[in-house]
$ cat coords-v2.cif   # mmCIF, C-alpha atoms
data_protein
#
loop_
_atom_site.label_atom_id
_atom_site.label_comp_id
_atom_site.auth_asym_id
_atom_site.auth_seq_id
_atom_site.Cartn_x
_atom_site.Cartn_y
_atom_site.Cartn_z
CA MET A 27 0.00 0.00 0.00
CA ASN A 28 1.54 3.25 -1.13
CA LEU A 29 0.70 5.75 1.61
CA ILE A 30 2.75 8.78 2.58
CA ILE A 31 2.82 9.74 6.24
CA ASN A 32 3.98 13.24 7.15
CA ASN A 33 5.18 13.11 10.75
CA SER A 34 5.56 16.89 10.89
CA SER A 35 1.96 17.52 9.79
CA MET A 36 -0.60 18.85 12.25
CA THR A 37 -3.02 16.23 10.86
CA PRO A 38 -3.05 13.09 13.02
CA ILE A 39 -1.47 10.06 11.36
CA TYR A 40 -4.66 8.02 11.43
CA GLU A 41 -6.48 10.84 9.58
CA GLN A 42 -3.71 10.90 6.98
CA ILE A 43 -4.23 7.17 6.43
CA VAL A 44 -8.02 7.57 6.23
CA SER A 45 -7.91 10.45 3.74
CA GLN A 46 -5.39 8.74 1.45
CA MET A 47 -7.18 5.41 1.48
CA LYS A 48 -10.58 7.05 0.94
CA GLU A 49 -9.13 8.91 -2.04
CA LYS A 50 -7.84 5.63 -3.47
CA ILE A 51 -11.25 4.03 -3.00
CA ILE A 52 -13.20 6.97 -4.45
CA SER A 53 -10.86 7.27 -7.44
CA GLY A 54 -11.14 3.55 -8.17
CA GLN A 55 -7.49 2.75 -7.47
CA LEU A 56 -8.77 0.37 -4.80
CA LYS A 57 -11.61 -1.69 -6.22
CA PRO A 58 -14.49 -3.17 -4.20
CA ASP A 59 -13.63 -6.45 -2.44
CA THR A 60 -9.88 -5.72 -2.59
CA MET A 61 -8.21 -7.08 0.52
CA LEU A 62 -6.34 -4.42 2.50
CA PRO A 63 -3.08 -5.08 4.31
CA SER A 64 -3.54 -6.38 7.83
CA VAL A 65 -3.24 -3.88 10.66
CA ARG A 66 0.12 -5.37 11.64
CA THR A 67 1.47 -5.41 8.10
CA LEU A 68 0.49 -1.81 7.39
CA SER A 69 1.81 -0.60 10.74
CA LYS A 70 5.12 -2.34 10.04
CA ASP A 71 5.31 -0.93 6.49
CA LEU A 72 4.56 2.61 7.68
CA ARG A 73 6.62 2.22 10.86
CA ILE A 74 3.77 3.37 13.07
CA SER A 75 1.74 1.89 15.90
CA ALA A 76 -0.73 -0.87 15.07
CA LEU A 77 -3.24 1.03 17.23
CA THR A 78 -3.01 3.98 14.82
CA VAL A 79 -3.76 1.76 11.82
CA LYS A 80 -6.59 0.08 13.75
CA LYS A 81 -8.09 3.49 14.51
CA ALA A 82 -7.92 4.41 10.81
CA TYR A 83 -9.51 1.12 9.73
CA ASP A 84 -12.25 1.51 12.36
CA ALA A 85 -13.00 5.05 11.12
CA MET A 86 -13.19 3.89 7.49
CA GLU A 87 -15.43 0.99 8.44
CA GLN A 88 -17.75 3.30 10.35
CA GLU A 89 -17.97 5.56 7.28
CA GLY A 90 -18.74 2.58 5.04
CA TYR A 91 -15.53 2.51 3.01
CA ILE A 92 -14.27 -0.85 4.22
CA VAL A 93 -15.70 -4.02 5.70
CA THR A 94 -13.82 -6.16 8.23
CA VAL A 95 -14.48 -9.87 8.39
CA HIS A 96 -13.06 -11.31 11.60
CA GLY A 97 -10.45 -13.94 10.83
CA LYS A 98 -10.28 -12.97 7.16
CA GLY A 99 -9.25 -9.31 7.08
CA SER A 100 -10.45 -5.93 5.86
CA PHE A 101 -11.82 -5.37 2.38
CA VAL A 102 -12.85 -2.37 0.29
CA ALA A 103 -16.61 -1.97 0.52
CA ASN A 104 -18.83 -1.63 -2.50
CA ILE A 105 -19.55 2.07 -1.96
CA ASN A 106 -22.47 4.01 -3.31
CA PRO A 107 -21.31 6.34 -6.13
CA ASN A 108 -23.30 9.14 -4.46
CA LEU A 109 -21.06 8.78 -1.40
CA ALA A 110 -18.01 9.52 -3.54
CA ILE A 111 -19.69 12.59 -5.02
CA GLU A 112 -20.71 13.78 -1.55
CA GLU A 113 -17.12 13.42 -0.31
CA LYS A 114 -15.85 15.55 -3.18
CA GLN A 115 -18.54 18.16 -2.49
CA LYS A 116 -17.48 18.30 1.17
CA GLU A 117 -13.90 18.87 0.04
CA VAL A 118 -14.98 21.72 -2.27
CA GLU A 119 -17.03 23.26 0.54
CA LYS A 120 -14.03 23.09 2.88
CA ILE A 121 -11.83 24.83 0.31
CA PHE A 122 -14.46 27.53 -0.21
CA GLU A 123 -14.66 28.09 3.55
CA GLN A 124 -10.88 28.45 3.74
CA GLY A 125 -10.91 30.96 0.87
CA ILE A 126 -13.70 33.02 2.41
CA ARG A 127 -11.97 33.01 5.80
CA LEU A 128 -8.70 34.11 4.20
CA GLY A 129 -10.48 36.84 2.23
CA LYS A 130 -12.12 38.18 5.39
CA GLU A 131 -8.79 38.08 7.24
CA CYS A 132 -7.20 40.31 4.60
CA GLY A 133 -10.09 42.80 4.74
CA MET A 134 -12.16 41.76 1.72
CA SER A 135 -15.89 42.42 1.86
CA MET A 136 -18.40 39.71 0.99
CA ASP A 137 -19.07 41.54 -2.30
CA ASP A 138 -15.33 41.52 -3.07
CA ILE A 139 -15.20 37.80 -2.37
CA ARG A 140 -18.25 37.15 -4.58
CA ASP A 141 -16.75 39.25 -7.39
CA LEU A 142 -13.46 37.39 -7.16
CA PHE A 143 -15.32 34.06 -7.17
CA GLU A 144 -17.16 35.12 -10.35
CA VAL A 145 -13.89 36.12 -12.01
CA VAL A 146 -12.28 32.77 -11.20
CA LEU A 147 -15.43 30.87 -12.13
CA ASN A 148 -15.58 32.56 -15.53
CA GLU A 149 -12.03 31.43 -16.29
CA PHE A 150 -13.34 27.86 -16.54
#
$ encode --input "coords-v2.cif" --output "structure tokens"
Amino acid sequence: MNLIINNSSMTPIYEQIVSQMKEKIISGQLKPDTMLPSVRTLSKDLRISALTVKKAYDAMEQEGYIVTVHGKGSFVANINPNLAIEEKQKEVEKIFEQGIRLGKECGMSMDDIRDLFEVVLNEF
């Protein structure tokens, strides 16, 4: 499993694992029913605690991205395509919120932010 862990990031390691694996699932790099590395194997490969990997797997299972079968392992779930679209929409919303916050911090009015959004939007 090709995951990149940034130890100097403010994002917890388990969240880094979750976001990267979810992206691989949503993009189709990880197909439904694909067996994931065991908790021990992934923790050894990433040189992190098995508890951290377990926490990531538990979070992904709770969100419906993976299914764990005791004694057999964890597998990519057959996710609803609408779930993938919703995840991307949440990401866009988060980026918009960051942009609006940054605009307000540098003294832009809401009209200035809307105008700038329209300018950028019209470039596409």
$ atom_distance --input "coords-v2.cif" --atom1 "atom CA of Phe101 of chain A" --atom2 "atom CA of Met47 of chain A"
11.8 Å
$ resolve_selection --input "coords-v2.cif" --expression "the PyMOL selection byres ((chain A and resi 80-94) around 7)" --output "ChimeraX atom specification"
/A:40-41,43-44,65,76-79,95-96,99-103,105
$ atom_distance --input "coords-v2.cif" --atom1 "atom CA of Leu62 of chain A" --atom2 "atom CA of Ile74 of chain A"
16.6 Å
$ closest_residue --input "coords-v2.cif" --among "A:Lys98, A:Glu113, A:Arg66, A:Ser34" --to "Ile51 of chain A" --atoms "only C-alpha atoms"
A:Glu113
$ atom_distance --input "coords-v2.cif" --atom1 "atom CA of Asp137 of chain A" --atom2 "atom CA of Glu112 of chain A"
27.8 Å
$ residues_around --input "coords-v2.cif" --residues "Gln55 of chain A" --least-positions-apart "4" --cutoff "12 Å" --atoms "only C-alpha atoms" --output "count of residues only"
10
$ residues_near_point --input "coords-v2.cif" --point "(1.1, 10.4, 3.6)" --cutoff "7 Å" --atoms "all atoms listed in the file" --output "PyMOL selection string"
chain A and resi 29-32+42-43
$ residues_around --input "coords-v2.cif" --residues "Gly125 of chain A" --least-positions-apart "3" --cutoff "12 Å" --atoms "all atoms listed in the file" --output "PyMOL selection string"
chain A and resi 118-122+128-132+134+136+139-140+142-143
$ build_atoms --input "coords-v2.cif" --residues "segment 113-124 of chain A" --atoms "all heavy atoms" --output "PDB file, in the coordinates of the input"
ATOM      1  N   GLU A 113     -18.450  13.171  -0.884  1.00  0.00           N
ATOM      2  CA  GLU A 113     -17.120  13.420  -0.310  1.00  0.00           C
ATOM      3  C   GLU A 113     -16.411  14.536  -1.062  1.00  0.00           C
ATOM      4  O   GLU A 113     -15.801  15.409  -0.456  1.00  0.00           O
ATOM      5  CB  GLU A 113     -16.266  12.145  -0.344  1.00  0.00           C
ATOM      6  CG  GLU A 113     -16.553  11.187   0.768  1.00  0.00           C
ATOM      7  CD  GLU A 113     -16.216  11.736   2.143  1.00  0.00           C
ATOM      8  OE1 GLU A 113     -15.153  12.356   2.326  1.00  0.00           O
ATOM      9  OE2 GLU A 113     -17.025  11.526   3.054  1.00  0.00           O
ATOM     10  N   LYS A 114     -16.486  14.501  -2.376  1.00  0.00           N
ATOM     11  CA  LYS A 114     -15.850  15.550  -3.180  1.00  0.00           C
ATOM     12  C   LYS A 114     -16.511  16.901  -2.921  1.00  0.00           C
ATOM     13  O   LYS A 114     -15.833  17.919  -2.837  1.00  0.00           O
ATOM     14  CB  LYS A 114     -15.918  15.205  -4.673  1.00  0.00           C
ATOM     15  CG  LYS A 114     -15.005  14.081  -5.069  1.00  0.00           C
ATOM     16  CD  LYS A 114     -13.567  14.487  -4.895  1.00  0.00           C
ATOM     17  CE  LYS A 114     -12.629  13.405  -5.380  1.00  0.00           C
ATOM     18  NZ  LYS A 114     -11.236  13.708  -5.085  1.00  0.00           N
ATOM     19  N   GLN A 115     -17.833  16.908  -2.780  1.00  0.00           N
ATOM     20  CA  GLN A 115     -18.540  18.160  -2.490  1.00  0.00           C
ATOM     21  C   GLN A 115     -18.132  18.719  -1.138  1.00  0.00           C
ATOM     22  O   GLN A 115     -17.972  19.934  -0.983  1.00  0.00           O
ATOM     23  CB  GLN A 115     -20.050  17.943  -2.551  1.00  0.00           C
ATOM     24  CG  GLN A 115     -20.557  17.735  -3.968  1.00  0.00           C
ATOM     25  CD  GLN A 115     -22.023  17.372  -4.030  1.00  0.00           C
ATOM     26  OE1 GLN A 115     -22.624  16.935  -3.048  1.00  0.00           O
ATOM     27  NE2 GLN A 115     -22.613  17.525  -5.205  1.00  0.00           N
ATOM     28  N   LYS A 116     -17.945  17.853  -0.144  1.00  0.00           N
ATOM     29  CA  LYS A 116     -17.480  18.300   1.170  1.00  0.00           C
ATOM     30  C   LYS A 116     -16.093  18.940   1.053  1.00  0.00           C
ATOM     31  O   LYS A 116     -15.807  19.945   1.713  1.00  0.00           O
ATOM     32  CB  LYS A 116     -17.413  17.130   2.147  1.00  0.00           C
ATOM     33  CG  LYS A 116     -18.727  16.688   2.694  1.00  0.00           C
ATOM     34  CD  LYS A 116     -18.476  15.594   3.734  1.00  0.00           C
ATOM     35  CE  LYS A 116     -19.665  14.737   3.997  1.00  0.00           C
ATOM     36  NZ  LYS A 116     -19.361  13.611   4.877  1.00  0.00           N
ATOM     37  N   GLU A 117     -15.251  18.343   0.234  1.00  0.00           N
ATOM     38  CA  GLU A 117     -13.900  18.870   0.040  1.00  0.00           C
ATOM     39  C   GLU A 117     -13.957  20.253  -0.604  1.00  0.00           C
ATOM     40  O   GLU A 117     -13.246  21.174  -0.183  1.00  0.00           O
ATOM     41  CB  GLU A 117     -13.103  17.898  -0.835  1.00  0.00           C
ATOM     42  CG  GLU A 117     -11.635  18.217  -0.941  1.00  0.00           C
ATOM     43  CD  GLU A 117     -10.879  17.166  -1.733  1.00  0.00           C
ATOM     44  OE1 GLU A 117     -11.286  15.982  -1.732  1.00  0.00           O
ATOM     45  OE2 GLU A 117      -9.872  17.553  -2.354  1.00  0.00           O
ATOM     46  N   VAL A 118     -14.814  20.426  -1.612  1.00  0.00           N
ATOM     47  CA  VAL A 118     -14.980  21.720  -2.270  1.00  0.00           C
ATOM     48  C   VAL A 118     -15.489  22.753  -1.265  1.00  0.00           C
ATOM     49  O   VAL A 118     -14.982  23.878  -1.193  1.00  0.00           O
ATOM     50  CB  VAL A 118     -15.930  21.612  -3.486  1.00  0.00           C
ATOM     51  CG1 VAL A 118     -16.302  22.991  -4.020  1.00  0.00           C
ATOM     52  CG2 VAL A 118     -15.298  20.756  -4.582  1.00  0.00           C
ATOM     53  N   GLU A 119     -16.475  22.361  -0.462  1.00  0.00           N
ATOM     54  CA  GLU A 119     -17.030  23.260   0.540  1.00  0.00           C
ATOM     55  C   GLU A 119     -15.945  23.706   1.531  1.00  0.00           C
ATOM     56  O   GLU A 119     -15.861  24.886   1.885  1.00  0.00           O
ATOM     57  CB  GLU A 119     -18.158  22.557   1.292  1.00  0.00           C
ATOM     58  CG  GLU A 119     -18.856  23.423   2.309  1.00  0.00           C
ATOM     59  CD  GLU A 119     -19.998  22.685   3.003  1.00  0.00           C
ATOM     60  OE1 GLU A 119     -20.552  21.738   2.435  1.00  0.00           O
ATOM     61  OE2 GLU A 119     -20.321  23.089   4.142  1.00  0.00           O
ATOM     62  N   LYS A 120     -15.114  22.778   1.941  1.00  0.00           N
ATOM     63  CA  LYS A 120     -14.030  23.090   2.880  1.00  0.00           C
ATOM     64  C   LYS A 120     -13.061  24.106   2.276  1.00  0.00           C
ATOM     65  O   LYS A 120     -12.634  25.056   2.932  1.00  0.00           O
ATOM     66  CB  LYS A 120     -13.299  21.806   3.275  1.00  0.00           C
ATOM     67  CG  LYS A 120     -12.234  21.983   4.303  1.00  0.00           C
ATOM     68  CD  LYS A 120     -11.626  20.631   4.677  1.00  0.00           C
ATOM     69  CE  LYS A 120     -10.503  20.780   5.664  1.00  0.00           C
ATOM     70  NZ  LYS A 120      -9.900  19.488   6.006  1.00  0.00           N
ATOM     71  N   ILE A 121     -12.750  23.916   0.991  1.00  0.00           N
ATOM     72  CA  ILE A 121     -11.830  24.830   0.310  1.00  0.00           C
ATOM     73  C   ILE A 121     -12.467  26.215   0.177  1.00  0.00           C
ATOM     74  O   ILE A 121     -11.802  27.236   0.381  1.00  0.00           O
ATOM     75  CB  ILE A 121     -11.400  24.256  -1.053  1.00  0.00           C
ATOM     76  CG1 ILE A 121     -10.524  23.023  -0.832  1.00  0.00           C
ATOM     77  CG2 ILE A 121     -10.673  25.294  -1.889  1.00  0.00           C
ATOM     78  CD1 ILE A 121     -10.274  22.198  -2.086  1.00  0.00           C
ATOM     79  N   PHE A 122     -13.761  26.251  -0.142  1.00  0.00           N
ATOM     80  CA  PHE A 122     -14.460  27.530  -0.210  1.00  0.00           C
ATOM     81  C   PHE A 122     -14.424  28.242   1.134  1.00  0.00           C
ATOM     82  O   PHE A 122     -14.175  29.445   1.207  1.00  0.00           O
ATOM     83  CB  PHE A 122     -15.922  27.346  -0.635  1.00  0.00           C
ATOM     84  CG  PHE A 122     -16.137  27.101  -2.105  1.00  0.00           C
ATOM     85  CD1 PHE A 122     -17.361  26.660  -2.555  1.00  0.00           C
ATOM     86  CD2 PHE A 122     -15.138  27.305  -3.043  1.00  0.00           C
ATOM     87  CE1 PHE A 122     -17.590  26.425  -3.901  1.00  0.00           C
ATOM     88  CE2 PHE A 122     -15.340  27.075  -4.397  1.00  0.00           C
ATOM     89  CZ  PHE A 122     -16.579  26.638  -4.823  1.00  0.00           C
ATOM     90  N   GLU A 123     -14.682  27.500   2.211  1.00  0.00           N
ATOM     91  CA  GLU A 123     -14.660  28.090   3.550  1.00  0.00           C
ATOM     92  C   GLU A 123     -13.281  28.672   3.860  1.00  0.00           C
ATOM     93  O   GLU A 123     -13.186  29.767   4.431  1.00  0.00           O
ATOM     94  CB  GLU A 123     -15.034  27.044   4.595  1.00  0.00           C
ATOM     95  CG  GLU A 123     -16.496  26.677   4.598  1.00  0.00           C
ATOM     96  CD  GLU A 123     -16.822  25.520   5.536  1.00  0.00           C
ATOM     97  OE1 GLU A 123     -15.899  24.953   6.166  1.00  0.00           O
ATOM     98  OE2 GLU A 123     -18.009  25.172   5.643  1.00  0.00           O
ATOM     99  N   GLN A 124     -12.233  27.955   3.486  1.00  0.00           N
ATOM    100  CA  GLN A 124     -10.880  28.450   3.740  1.00  0.00           C
ATOM    101  C   GLN A 124     -10.628  29.737   2.955  1.00  0.00           C
ATOM    102  O   GLN A 124     -10.044  30.688   3.473  1.00  0.00           O
ATOM    103  CB  GLN A 124      -9.848  27.394   3.360  1.00  0.00           C
ATOM    104  CG  GLN A 124      -9.827  26.202   4.276  1.00  0.00           C
ATOM    105  CD  GLN A 124      -8.949  25.065   3.750  1.00  0.00           C
ATOM    106  OE1 GLN A 124      -8.595  25.025   2.574  1.00  0.00           O
ATOM    107  NE2 GLN A 124      -8.624  24.130   4.628  1.00  0.00           N
TER     108      GLN A 124
END
